[in-house]
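target09.cif (mmCIF, C-alpha atoms and all ligand atoms)
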```
data_run
loop_
_atom_site.label_atom_id
_atom_site.label_comp_id
_atom_site.auth_asym_id
_atom_site.auth_seq_id
_atom_site.Cartn_x
_atom_site.Cartn_y
_atom_site.Cartn_z
CA MET L 1 -20.03 20.94 -22.54
CA ALA L 2 -19.05 24.49 -23.52
CA LEU L 3 -16.58 23.26 -26.11
CA THR L 4 -19.03 20.75 -27.62
CA ARG L 5 -21.70 23.43 -27.88
CA ALA L 6 -19.20 25.89 -29.41
CA ARG L 7 -18.37 23.30 -32.07
CA TYR L 8 -22.07 22.66 -32.70
CA CYS L 9 -22.56 26.42 -33.00
CA LEU L 10 -20.00 26.83 -35.78
CA LEU L 11 -21.22 23.65 -37.50
CA GLY L 12 -24.84 24.83 -37.29
CA LEU L 13 -23.87 28.18 -38.76
CA ALA L 14 -22.11 26.55 -41.70
CA ALA L 15 -24.89 23.98 -42.25
CA GLY L 16 -27.68 26.57 -42.27
CA ASP L 17 -25.67 28.78 -44.60
CA ALA L 18 -24.93 25.93 -47.04
CA LEU L 19 -28.51 24.60 -47.01
CA GLY L 20 -29.87 28.06 -47.83
CA MET L 21 -27.16 28.90 -50.36
CA PRO L 22 -28.94 27.66 -53.53
CA ALA L 23 -32.13 29.54 -52.55
CA GLN L 24 -30.73 32.90 -51.49
CA THR L 25 -32.48 35.98 -52.92
CA LEU L 26 -35.20 33.81 -54.55
CA SER L 27 -38.93 33.96 -53.81
CA ARG L 28 -40.60 30.93 -52.25
CA GLU L 29 -42.31 30.24 -55.58
CA ARG L 30 -39.05 30.35 -57.50
CA ILE L 31 -37.38 28.03 -54.98
CA LYS L 32 -40.22 25.53 -55.48
CA ALA L 33 -39.97 25.81 -59.26
CA GLU L 34 -36.18 25.33 -59.32
CA TYR L 35 -35.68 22.71 -56.62
CA GLY L 36 -39.03 21.41 -55.39
CA ARG L 37 -38.59 21.45 -51.61
CA ILE L 38 -34.95 21.74 -50.50
CA THR L 39 -34.33 18.99 -47.94
CA ASP L 40 -30.57 18.52 -48.31
CA PHE L 41 -27.49 20.32 -49.61
CA VAL L 42 -28.01 21.04 -53.32
CA ALA L 43 -26.10 22.97 -55.96
CA PRO L 44 -27.50 26.30 -57.17
CA TYR L 45 -29.21 26.22 -60.55
CA GLU L 46 -27.14 27.24 -63.55
CA GLY L 47 -26.80 31.04 -63.68
CA HIS L 48 -27.99 31.74 -60.10
CA PRO L 49 -27.41 35.51 -59.66
CA VAL L 50 -25.42 35.23 -56.41
CA SER L 51 -24.54 31.58 -55.77
CA HIS L 52 -23.37 30.59 -59.26
CA GLY L 53 -20.08 28.70 -59.18
CA LEU L 54 -20.69 27.13 -55.76
CA ALA L 55 -21.19 23.38 -55.30
CA ALA L 56 -23.72 21.53 -53.12
CA GLY L 57 -22.87 21.93 -49.42
CA GLN L 58 -20.61 24.95 -49.85
CA VAL L 59 -20.96 27.89 -47.48
CA THR L 60 -21.20 31.58 -48.35
CA ASP L 61 -20.20 34.95 -46.89
CA ASP L 62 -22.01 34.31 -43.59
CA THR L 63 -19.73 31.49 -42.48
CA GLU L 64 -16.62 32.96 -44.06
CA GLN L 65 -17.06 36.37 -42.41
CA ALA L 66 -17.93 34.80 -39.06
CA LEU L 67 -14.66 32.85 -39.19
CA LEU L 68 -12.82 36.00 -40.28
CA LEU L 69 -14.16 37.77 -37.20
CA ALA L 70 -13.31 34.74 -35.04
CA ARG L 71 -9.67 34.89 -36.16
CA ARG L 72 -9.47 38.62 -35.43
CA LEU L 73 -10.95 38.12 -31.93
CA VAL L 74 -8.51 35.33 -31.15
CA ALA L 75 -5.53 37.33 -32.45
CA ASP L 76 -6.42 40.42 -30.37
CA PRO L 77 -8.17 39.23 -27.17
CA ARG L 78 -8.57 42.62 -25.49
CA GLY L 79 -8.76 45.25 -28.22
CA PHE L 80 -10.44 45.49 -31.59
CA ASP L 81 -8.79 47.20 -34.54
CA GLU L 82 -11.74 48.51 -36.56
CA GLU L 83 -9.66 49.55 -39.51
CA GLY L 84 -7.89 46.21 -39.50
CA TRP L 85 -11.30 44.54 -39.47
CA ALA L 86 -12.47 46.66 -42.41
CA ARG L 87 -9.33 45.60 -44.29
CA ASP L 88 -10.01 41.93 -43.44
CA LEU L 89 -13.45 42.28 -45.05
CA LEU L 90 -12.04 44.00 -48.12
CA ALA L 91 -9.32 41.38 -48.55
CA TRP L 92 -11.96 38.67 -48.21
CA GLU L 93 -14.06 40.31 -50.92
CA ALA L 94 -11.04 40.56 -53.23
CA GLU L 95 -10.51 36.82 -52.80
CA ILE L 96 -14.14 36.07 -53.70
CA ARG L 97 -13.86 38.29 -56.77
CA ALA L 98 -10.62 36.60 -57.83
CA LYS L 99 -12.44 33.23 -57.75
CA GLY L 100 -15.01 34.65 -60.20
CA LEU L 101 -17.84 34.48 -57.64
CA SER L 102 -20.51 37.12 -57.03
CA ASP L 103 -21.41 36.68 -53.33
CA LEU L 104 -19.61 39.85 -52.25
CA LEU L 105 -19.91 42.25 -49.30
CA GLY L 106 -23.47 43.18 -48.30
CA PRO L 107 -24.90 46.70 -48.70
CA SER L 108 -24.11 48.03 -45.20
CA SER L 109 -20.56 46.67 -45.02
CA LYS L 110 -19.72 47.85 -48.53
CA ALA L 111 -20.88 51.46 -47.98
CA ALA L 112 -19.27 51.69 -44.53
CA ILE L 113 -15.88 50.42 -45.63
CA ALA L 114 -15.82 52.79 -48.61
CA ALA L 115 -16.57 55.69 -46.22
CA LEU L 116 -13.86 54.57 -43.78
CA LEU L 117 -11.23 54.45 -46.51
CA GLU L 118 -12.27 57.96 -47.58
CA GLY L 119 -11.52 59.21 -44.06
CA THR L 120 -14.90 59.09 -42.30
CA PRO L 121 -14.27 58.35 -38.58
CA PRO L 122 -15.26 54.78 -37.58
CA ASP L 123 -18.05 55.96 -35.26
CA ARG L 124 -19.81 57.51 -38.29
CA THR L 125 -19.27 54.93 -41.03
CA GLY L 126 -21.97 52.48 -39.94
CA VAL L 127 -24.80 54.88 -39.12
CA ASN L 128 -27.00 53.65 -41.96
CA GLY L 129 -26.28 49.92 -41.58
CA THR L 130 -29.54 48.25 -40.57
CA THR L 131 -29.19 45.00 -42.53
CA ASN L 132 -28.30 41.61 -41.09
CA GLY L 133 -24.55 41.52 -41.82
CA ALA L 134 -23.70 42.18 -38.18
CA ALA L 135 -25.98 39.43 -36.85
CA MET L 136 -24.87 36.91 -39.50
CA ARG L 137 -21.22 37.03 -38.37
CA ILE L 138 -21.65 37.71 -34.62
CA ALA L 139 -21.65 34.11 -33.30
CA PRO L 140 -17.90 34.16 -32.42
CA VAL L 141 -18.54 37.12 -30.11
CA GLY L 142 -21.21 35.08 -28.32
CA LEU L 143 -18.75 32.21 -27.93
CA SER L 144 -16.03 34.46 -26.53
CA VAL L 145 -18.00 36.43 -23.91
CA PRO L 146 -20.01 35.15 -20.90
CA PRO L 147 -23.77 35.86 -20.87
CA GLU L 148 -23.56 39.17 -19.02
CA VAL L 149 -25.56 41.86 -20.82
CA ASP L 150 -23.23 44.85 -20.38
CA ARG L 151 -20.06 42.99 -21.25
CA LEU L 152 -21.58 41.16 -24.19
CA VAL L 153 -23.28 44.18 -25.75
CA ALA L 154 -20.10 46.25 -25.36
CA ARG L 155 -18.19 43.62 -27.35
CA VAL L 156 -20.94 43.44 -29.97
CA VAL L 157 -20.84 47.23 -30.39
CA GLN L 158 -17.07 47.20 -30.67
CA THR L 159 -17.08 44.61 -33.44
CA CYS L 160 -20.14 45.93 -35.34
CA ARG L 161 -20.12 49.67 -35.24
CA VAL L 162 -17.78 50.29 -38.17
CA THR L 163 -20.34 48.67 -40.52
CA HIS L 164 -23.65 48.42 -38.58
CA ASN L 165 -23.84 51.26 -36.06
CA THR L 166 -27.65 51.37 -35.82
CA GLY L 167 -30.10 50.44 -33.10
CA GLU L 168 -31.74 47.82 -35.30
CA ALA L 169 -28.54 46.01 -36.34
CA ILE L 170 -26.80 46.16 -32.96
CA ALA L 171 -29.96 45.04 -31.14
CA ALA L 172 -30.32 42.11 -33.54
CA ALA L 173 -26.65 41.11 -33.29
CA SER L 174 -26.73 41.45 -29.48
CA ALA L 175 -29.75 39.13 -29.27
CA VAL L 176 -28.06 36.49 -31.44
CA ALA L 177 -24.75 36.74 -29.55
CA MET L 178 -26.60 36.40 -26.23
CA VAL L 179 -28.36 33.19 -27.26
CA VAL L 180 -25.01 31.76 -28.36
CA SER L 181 -23.38 32.82 -25.09
CA CYS L 182 -26.25 31.45 -22.97
CA GLY L 183 -26.14 28.22 -24.97
CA VAL L 184 -22.48 27.53 -24.32
CA ALA L 185 -23.15 28.36 -20.64
CA GLY L 186 -25.58 25.40 -20.66
CA MET L 187 -28.93 27.14 -20.99
CA ASP L 188 -31.88 26.11 -23.16
CA PHE L 189 -33.91 28.39 -25.46
CA ASN L 190 -36.47 29.39 -22.82
CA GLN L 191 -33.70 30.43 -20.46
CA ALA L 192 -31.79 32.26 -23.18
CA LEU L 193 -34.71 34.19 -24.70
CA PRO L 194 -35.32 36.73 -21.88
CA ARG L 195 -31.61 37.43 -21.71
CA ALA L 196 -31.50 37.89 -25.49
CA LEU L 197 -34.37 40.38 -25.29
CA GLU L 198 -32.54 42.27 -22.56
CA ALA L 199 -29.40 42.35 -24.73
CA ALA L 200 -31.47 43.53 -27.71
CA SER L 201 -32.89 46.42 -25.67
CA ALA L 202 -29.41 47.42 -24.50
CA GLY L 203 -28.04 47.09 -28.04
CA GLN L 204 -30.93 49.14 -29.41
CA LYS L 205 -29.79 52.13 -27.31
CA ALA L 206 -26.14 51.71 -28.28
CA GLY L 207 -26.60 52.35 -32.01
CA HIS L 208 -27.86 55.31 -34.00
CA PRO L 209 -31.67 55.42 -33.97
CA LYS L 210 -32.19 54.13 -37.47
CA GLY L 211 -34.45 51.34 -38.72
CA GLU L 212 -36.65 49.20 -36.47
CA PRO L 213 -37.04 51.03 -33.12
CA ASP L 214 -37.98 47.91 -31.10
CA MET L 215 -36.00 44.88 -32.20
CA ALA L 216 -36.79 43.05 -28.93
CA GLY L 217 -40.52 43.54 -29.59
CA GLN L 218 -40.09 42.23 -33.12
CA ILE L 219 -38.40 39.07 -31.76
CA VAL L 220 -41.27 38.56 -29.31
CA ARG L 221 -43.74 38.95 -32.19
CA ALA L 222 -41.85 36.35 -34.23
CA VAL L 223 -41.90 33.85 -31.36
CA GLU L 224 -45.67 34.38 -30.96
CA LEU L 225 -46.32 33.98 -34.70
CA ALA L 226 -44.21 30.82 -34.80
CA GLY L 227 -46.83 29.26 -32.54
CA GLN L 228 -49.26 29.57 -35.48
CA GLY L 229 -46.88 27.79 -37.86
CA GLU L 230 -44.23 28.54 -40.46
CA ASP L 231 -46.50 30.33 -42.93
CA ALA L 232 -47.78 32.77 -40.30
CA LEU L 233 -44.18 33.46 -39.31
CA ILE L 234 -43.06 34.12 -42.89
CA GLU L 235 -46.04 36.32 -43.70
CA GLY L 236 -46.02 38.22 -40.41
CA ILE L 237 -42.29 38.85 -40.10
CA GLY L 238 -40.69 38.48 -43.53
CA THR L 239 -37.37 36.99 -44.60
CA SER L 240 -35.49 39.91 -46.16
CA VAL L 241 -31.96 41.15 -45.51
CA ALA L 242 -33.42 43.68 -43.01
CA SER L 243 -32.46 42.66 -39.46
CA ARG L 244 -36.04 43.19 -38.24
CA GLU L 245 -37.17 40.47 -40.66
CA SER L 246 -34.47 37.82 -41.04
CA VAL L 247 -33.10 37.93 -37.48
CA ALA L 248 -36.57 37.96 -35.89
CA TYR L 249 -37.58 35.13 -38.24
CA ALA L 250 -34.57 33.06 -37.08
CA PHE L 251 -35.76 33.48 -33.47
CA GLY L 252 -39.25 32.35 -34.50
CA LEU L 253 -37.78 29.22 -36.08
CA LEU L 254 -35.71 28.48 -33.01
CA SER L 255 -38.73 28.75 -30.73
CA MET L 256 -40.16 25.72 -32.59
CA GLY L 257 -37.40 23.62 -30.95
CA ALA L 258 -35.11 20.81 -32.16
CA PRO L 259 -34.29 19.00 -34.41
CA LEU L 260 -32.09 21.76 -35.79
CA TRP L 261 -31.95 20.21 -39.27
CA ASP L 262 -35.73 20.66 -39.68
CA ARG L 263 -35.46 24.32 -38.69
CA LEU L 264 -32.64 24.86 -41.19
CA VAL L 265 -34.63 23.13 -43.94
CA ALA L 266 -37.51 25.53 -43.19
CA ALA L 267 -35.10 28.46 -43.50
CA ALA L 268 -33.80 27.19 -46.85
CA ASN L 269 -37.33 27.15 -48.27
CA ALA L 270 -38.58 30.39 -46.68
CA GLY L 271 -37.47 32.66 -49.53
CA ASP L 272 -35.19 35.70 -49.84
CA ASP L 273 -32.30 35.71 -47.34
CA THR L 274 -32.41 31.95 -46.79
CA ASP L 275 -28.69 31.38 -46.24
CA THR L 276 -28.31 34.11 -43.63
CA ILE L 277 -31.44 33.02 -41.75
CA GLY L 278 -30.07 29.47 -41.77
CA ALA L 279 -26.66 30.65 -40.59
CA ILE L 280 -28.14 32.64 -37.69
CA ALA L 281 -30.62 29.95 -36.65
CA GLY L 282 -27.92 27.28 -37.04
CA ALA L 283 -25.40 29.13 -34.88
CA MET L 284 -27.97 29.69 -32.12
CA GLY L 285 -29.41 26.17 -32.29
CA GLY L 286 -25.95 24.59 -32.27
CA ALA L 287 -24.94 26.68 -29.25
CA LEU L 288 -28.07 25.42 -27.46
CA GLY L 289 -26.71 21.91 -27.95
CA TRP L 290 -28.93 20.84 -30.85
CA SER L 291 -26.95 18.41 -32.98
CA LEU L 292 -27.16 17.76 -36.72
CA PRO L 293 -27.34 14.43 -38.58
CA GLU L 294 -23.84 12.91 -38.79
CA ALA L 295 -24.12 12.26 -42.54
CA ALA L 296 -24.97 15.92 -43.20
CA VAL L 297 -22.03 17.09 -41.10
CA ALA L 298 -19.73 14.75 -43.04
CA ARG L 299 -20.96 16.15 -46.37
CA LEU L 300 -20.59 19.71 -45.09
CA ARG L 301 -17.00 19.07 -44.03
CA ALA L 302 -16.18 17.41 -47.35
CA ALA L 303 -17.57 20.34 -49.37
CA ASN L 304 -15.60 23.03 -47.51
CA ALA L 305 -12.14 23.59 -46.10
CA LEU L 306 -13.13 25.30 -42.84
CA ASP L 307 -11.29 25.33 -39.53
CA LEU L 308 -14.44 25.11 -37.39
CA ASP L 309 -13.08 22.85 -34.65
CA GLY L 310 -9.76 24.68 -34.48
CA LEU L 311 -11.50 27.98 -33.73
CA ALA L 312 -14.05 26.77 -31.17
CA GLU L 313 -11.48 26.18 -28.43
CA PRO L 314 -9.59 29.52 -28.55
CA LEU L 315 -12.91 31.41 -28.76
CA ILE L 316 -14.20 29.74 -25.59
CA ALA L 317 -10.82 30.41 -23.94
CA LEU L 318 -11.40 34.15 -24.52
CA GLN L 319 -14.19 34.02 -21.93
CA GLY L 320 -11.46 33.92 -19.28
CA VAL L 321 -9.89 37.16 -20.58
CA ALA L 322 -11.34 40.08 -18.58
MG MG Q 1 -24.62 34.49 -47.54
#
```
Kindly present the structure from the file in structure tokens form.
Amino acid sequence: MALTRARYCLLGLAAGDALGMPAQTLSRERIKAEYGRITDFVAPYEGHPVSHGLAAGQVTDDTEQALLLARRLVADPRGFDEEGWARDLLAWEAEIRAKGLSDLLGPSSKAAIAALLEGTPPDRTGVNGTTNGAAMRIAPVGLSVPPEVDRLVARVVQTCRVTHNTGEAIAAASAVAMVVSCGVAGMDFNQALPRALEAASAGQKAGHPKGEPDMAGQIVRAVELAGQGEDALIEGIGTSVASRESVAYAFGLLSMGAPLWDRLVAAANAGDDTDTIGAIAGAMGGALGWSLPEAAVARLRAANALDLDGLAEPLIALQGVA
């Protein structure tokens, strides 16, 4: 079951990312005007500020950076070379630029890597990074570590701190990684949520006290608002690149239950950071065993050259490495 759920996790991540791709950075009104309601993979409109040049069903930085992190974890099961990781991200961005695309590194990663290359020590480079870049690429950490709070949060900190060394970002990434880890261990959302909140509280203390001071509380609020429907969730939490909005929003969506596709469609139409919300919700939902329509998965695979299945197995195998 663990391997199936790990595969679903990476597929969910890619599907949510690709569904939200044409809508990213746009307001809900603009999304409606350009596409009506997004219910399937569509191409971005001509001249989209970030997604221009991508085709329907193609993924963005969320999936690509998650797989980049997955490869680094598999290549170095016990350690984590922060400078090597920063160079991975820079090399990835250079590739995107060379293709003539504009979906480059996010604000926290960009500033932190520039500081690192200028000689700032890695425990100082990420002290302003509160945005969702850590949470968007953290799923492979959840796949590779059992659902034990101390061990999981330590690994999250190790892989995030160079770019997102803040309470808000580490708490958010810890919560996402814990749901993924609980999912592949066979749990459902209600079993995973308290553990995710515990991981968020531990992660909150591990980072610099910047941004949202109570990420766990924000997730609880999102789950409560989700009970009043999607509009209440959007208005009460928000969908921006801030972890306290987009990551909490993804938890609210997840609390509405399967089918995962419907949750990812909601993310794609929610406005602002639609692709990252979809990626985070998709990774968590997939890990909880929620499958996607076969036809959508086939279209997703055809639109991208991603080694999702090839990475699921070695990531799960890392759980046996103490
Ligand atoms: Mg993206």
Using all atoms listed in the file, which residues of range 273-318 of chain L come within 8 Å of range 68-80 of chain L, and what is the closest atom pair for each, with the distance in Å to one decimal? Give it as CSV, sorted by chain and residue number.
```
residue,atom,partner,partner_atom,distance
L:Leu311,CA,L:Ala70,CA,7.1
L:Pro314,CA,L:Val74,CA,6.5
L:Leu315,CA,L:Val74,CA,6.4
L:Leu318,CA,L:Pro77,CA,6.6
```
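A distance search around ligand MG 1 (chain Q) (7 Å at most, all atoms listed in the file) returns the following protein and nucleic acid residues: L:Asp17, L:Met21, L:Thr60, L:Asp61, L:Asp62, L:Asp103, L:Asp275, L:Thr276.
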With C-alpha atoms retained, could you export that selection as a PDB file, in the coordinates of the input?
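And here's selection22.pdb as it stands now:
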```
ATOM      1  CA  ASP L  17     -25.670  28.780 -44.600  1.00  0.00           C
ATOM      2  CA  MET L  21     -27.160  28.900 -50.360  1.00  0.00           C
ATOM      3  CA  THR L  60     -21.200  31.580 -48.350  1.00  0.00           C
ATOM      4  CA  ASP L  61     -20.200  34.950 -46.890  1.00  0.00           C
ATOM      5  CA  ASP L  62     -22.010  34.310 -43.590  1.00  0.00           C
ATOM      6  CA  ASP L 103     -21.410  36.680 -53.330  1.00  0.00           C
ATOM      7  CA  ASP L 275     -28.690  31.380 -46.240  1.00  0.00           C
ATOM      8  CA  THR L 276     -28.310  34.110 -43.630  1.00  0.00           C
TER       9      THR L 276
END
```
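Using all atoms listed in the file, the shortest contact distance between Thr120 in chain L and any of L:Thr163, L:Asp88, L:Ile96, L:Ala66 is found at L:Thr163.
Excluding Gln158 in chain L itself and same-chain residues fewer than 5 positions from it, the residues having an atom within 12 Å of it are Leu69, Leu73, Arg78, Gly79, Phe80, Asp81, Glu82, Glu83, Trp85, Pro122, Asp123, Gly126, Ala134, Ile138, Val141, Arg151, Leu152, Val153, Thr163, His164, Asn165, Ile170, Ala173, Ser174, Gly203, Ala206 and Gly207 of chain L, counting all atoms listed in the file.
You can rank L:Thr63, L:Gln58, L:Thr4, L:Ser27 by their closest distance to Asn304 in chain L using all atoms listed in the file, and at the top of that list sits L:Gln58.
Minimum distance to Leu67 in chain L across L:Pro147, L:Pro140, L:Gly285, L:Gly167 (counting only C-alpha atoms) occurs at L:Pro140.
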L:Gly257, L:Gly278, L:Gly12, L:Pro44 ranked by distance to Phe189 in chain L, top pick (using only C-alpha atoms): L:Gly257
Top pick for closest residue to Ala14 in chain L, considering L:Leu89, L:Val59, L:Val162, L:Ala94 and counting all atoms listed in the file: L:Val59
Interatomic distance, CA of Val176 in chain L to CA of Gly211 in chain L (Å, one decimal): 17.7 Å
Pairwise distance for CA of Ala172 in chain L and CA of Leu306 in chain L, rounded to one decimal in Å: 25.8 Å
